[in-house]
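Worksheet: one structure, shown below.
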Amino acid sequence: MLITLDGNREKVTAAKEALKTFGDASRVERAAKRKAISEKEIASGTADFTMLRAVEGDFIDLAIHKDSFADDLAIDTDLDVETIPIWKARYAPLTGITTGSAFGGGLATYYVTQDSYAQLTPFFIDTEEVRVPRMALTQDPDKLGQRDAALLRQAETLRLKRDTYVVDIVLGQPLGTDIATAVVNYAGGSNPYTGKTVYVADTGVQSGTYETTNIINISTEAGLTNRFFEEVINQMILSRRQLRTIHIPVAGLPWRKLVRSAATVISLSGYTPGASVNPDLAAVPASQFEKVWNMDMSQALTSGIVMEIFGHTFRLKANNVLPQGYAIVTTDQPAAQVFNIKQMSVSTDISDPKDAYFVGHYEKRQLALAAPDPWIRNFAVVNFGSTANL
């Protein structure tokens with residue numbers, strides 16, 4: 001609805017008459033008439049914008065949105081522009097702090113002690129410009145919805161870029177590396193603990209009571225078997241961390257191995273144990289199998305599904321950025337720190353004199369990333385093998 005002065009009533013009526021033919025006009029005719037309106041009625045503030053709905057239509061979301069596990073890996077801290085993010089250590093040995101570099105996307109490592117510290121260097125991430133309706137048009141609810149939809153998509157691109165950088169710095173990959181590639185490179189590389197000050201064992205701590213890597217290679221399992229969960233529990237106990245979420249890939253549907261292997265094991269439970277073999281020791285209780293069988297696996301795509309097995313509660317969440325055969329296990333401790341420098345954030349509209357309806361919107365954020373060596377223990381990467389034949 002247009003609110004106008006009585007003196008403009010005649011112009012409004014004339015504009016409505018001119019717009020009546022929009023519904024039957026061809027695309028070229030509509031464009032020409034819309035241009036005429038933009039040059040005359042809109043300039044004088046007398047056009048009835050509700051008539052433009054048939055011309056503009058609505059935005060359509062064609063994106064398959066990416067999932068992410070970065071929020072489980074990192075913690076965020078907001079800083080003023082005057083505040084400088086620095087790191088120190090509580091212990092004397094040199095401790096590495098991996099941080100992102102604004103030069104070429106590479107990673108840099110600073111070393112800190114009790115007496116020396118490392119100063120992090122923030123850098124910018126930004127988005128492409130998107131076209132959104134002018135604020136002057138947002139008295140029309142349809143235009144306001146279009147603007148919100150466009151800005152939401154742009155905010156998502158910022159989040160995805162930030163999440164990619166977080167995963168890259170945690171997995172020691174150059175900033176901007178595709179998440180799936182980063183996971184495969186990390187799991188296929190050498191022991192990530194080598195050459196880093198991950199921990200210092202106090203005198204008297206027995207060897208074998210703490211983990212020596214956060215890569216779990218059980219590729220022969222080819223899916224989510226009982227051994228998968230057993231190894232995750234072992235890692236959790238050795239690292240003295242509480243499990244938060246197991247992020248599993250959508251690719252390959254690895255959960256089918258869980259259902260099938262459980263059914264196979266249960267089928268053995270009716271046999272009478274022999275003198276040397278007791279198949280019941282490997283059996284999954286029927287009540288537990290029923291929980292798995294009746295589980296709504298689609299919940300893994302949203303809030304995740306909760307499983308109780310071996311006395312532990314697991315949350316499984318399906319993720320479409322993880323490559324087939326690899327899982328990420330996150331705990332209650334962070335693997336990276338993100339510092340957001342709020343005053344350096346930019347959100348602005350860029351006017352185009354040739355378009356009276358839309359403006360270009362641009363977003364820019366400044367942040368600093370840090371992944372201390374000891375925090376490597378706070379997550380694990382599991383290679384459970386190819387699930388192509390499930």
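Here, A, B, ... name the chains of the structure tokens in the order displayed, residue numbers run from 1 inside each chain, and ligands are numbered from 1 in the same displayed order.
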Contacts of A:Asp115 at 10 Å (only C-alpha atoms; same-chain gap of 3+ positions) as a PDB file with N, CA and C atoms, in the first residue's frame:
ATOM      1  N   LYS A  88      49.831 -17.147  25.683  1.00  0.00           N
ATOM      2  CA  LYS A  88      50.943 -17.531  26.552  1.00  0.00           C
ATOM      3  C   LYS A  88      50.724 -18.975  26.995  1.00  0.00           C
ATOM      4  N   ALA A  89      51.750 -19.563  27.602  1.00  0.00           N
ATOM      5  CA  ALA A  89      51.660 -20.948  28.073  1.00  0.00           C
ATOM      6  C   ALA A  89      51.823 -20.979  29.581  1.00  0.00           C
ATOM      7  N   ARG A  90      51.266 -21.999  30.209  1.00  0.00           N
ATOM      8  CA  ARG A  90      51.411 -22.173  31.653  1.00  0.00           C
ATOM      9  C   ARG A  90      52.675 -22.934  32.015  1.00  0.00           C
ATOM     10  N   TYR A  91      53.275 -23.592  31.030  1.00  0.00           N
ATOM     11  CA  TYR A  91      54.422 -24.443  31.308  1.00  0.00           C
ATOM     12  C   TYR A  91      55.634 -23.943  30.543  1.00  0.00           C
ATOM     13  N   ALA A  92      56.793 -24.327  31.018  1.00  0.00           N
ATOM     14  CA  ALA A  92      58.032 -23.798  30.473  1.00  0.00           C
ATOM     15  C   ALA A  92      58.352 -24.249  29.048  1.00  0.00           C
ATOM     16  N   VAL A 112      55.416 -20.174  22.273  1.00  0.00           N
ATOM     17  CA  VAL A 112      55.231 -19.388  23.495  1.00  0.00           C
ATOM     18  C   VAL A 112      55.707 -20.186  24.702  1.00  0.00           C
TER      19      VAL A 112
END
For stretch 339-344 of chain A, work out the shell of residues within 6 Å, counting only C-alpha atoms and skipping chain neighbours fewer than 2 positions away, then give it as a PyMOL selection string. chain A and resi 76-81+366-368
Next, dump the selected residues to file, keeping only C-alpha atoms, as an mmCIF file, in the first residue's frame.
data_model
loop_
_atom_site.group_PDB
_atom_site.id
_atom_site.type_symbol
_atom_site.label_atom_id
_atom_site.label_comp_id
_atom_site.auth_asym_id
_atom_site.auth_seq_id
_atom_site.Cartn_x
_atom_site.Cartn_y
_atom_site.Cartn_z
ATOM 1 C CA ASP A 76 34.493 -17.663 19.487
ATOM 2 C CA THR A 77 35.524 -14.510 21.308
ATOM 3 C CA ASP A 78 34.494 -10.993 20.281
ATOM 4 C CA LEU A 79 37.190 -8.328 20.564
ATOM 5 C CA ASP A 80 37.309 -4.562 20.273
ATOM 6 C CA VAL A 81 39.608 -3.179 17.621
ATOM 7 C CA GLN A 366 38.007 -9.407 10.335
ATOM 8 C CA LEU A 367 39.094 -12.332 12.489
ATOM 9 C CA ALA A 368 42.124 -14.099 13.906
#
So which residues touch stretch 200-215 of chain A within 10 Å, counting only C-alpha atoms, skipping near sequence neighbours fewer than 4 positions away, as a ChimeraX atom specification? /A:91,93,186-194,234-240,328-329,374,376-383
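Proximity to A:Leu158 was assessed for A:Ala63, A:Gly105, A:Met297, A:Tyr362 counting only C-alpha atoms; the smallest distance is recorded for A:Tyr362.
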I need the residue nearest A:Pro372 from this list: A:Arg315, A:Arg153, A:Lys66, A:Lys196. Use only C-alpha atoms for the distance.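 For A:Pro372, the nearest of the candidates is A:Lys196.
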Which residue out of A:Glu129, A:Asp72, A:Glu230, A:Glu221 has the minimum interatomic distance to A:Val167 when only C-alpha atoms are used?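 The closest residue to A:Val167 is A:Asp72.
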My list of candidates is A:Val338, A:Ile179, A:Ile60, A:Ala370. Which is closest to A:Leu160 when distances are computed with only C-alpha atoms?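 Closest candidate: A:Ile179.
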Tell me, as number ranges by chain, which residues lie within 7 Å of A:Leu243, counting only C-alpha atoms; anything in the same chain fewer than 3 positions away does not count. A: 236, 330-332
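The space separating atom CA of A:Ile309 from atom CA of A:Met295 comes to 13.6 Å.
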Spatial neighbours of A:Tyr110, 10 Å, only C-alpha atoms, chain gap at least 3 places, as an MDAnalysis selection string: chainID A and resid 87 94:99 117:120 370 372
Taking only C-alpha atoms into account, which of A:Ile350, A:Val321, A:Leu73, A:Ala388 comes nearest A:Gly252? A:Ala388
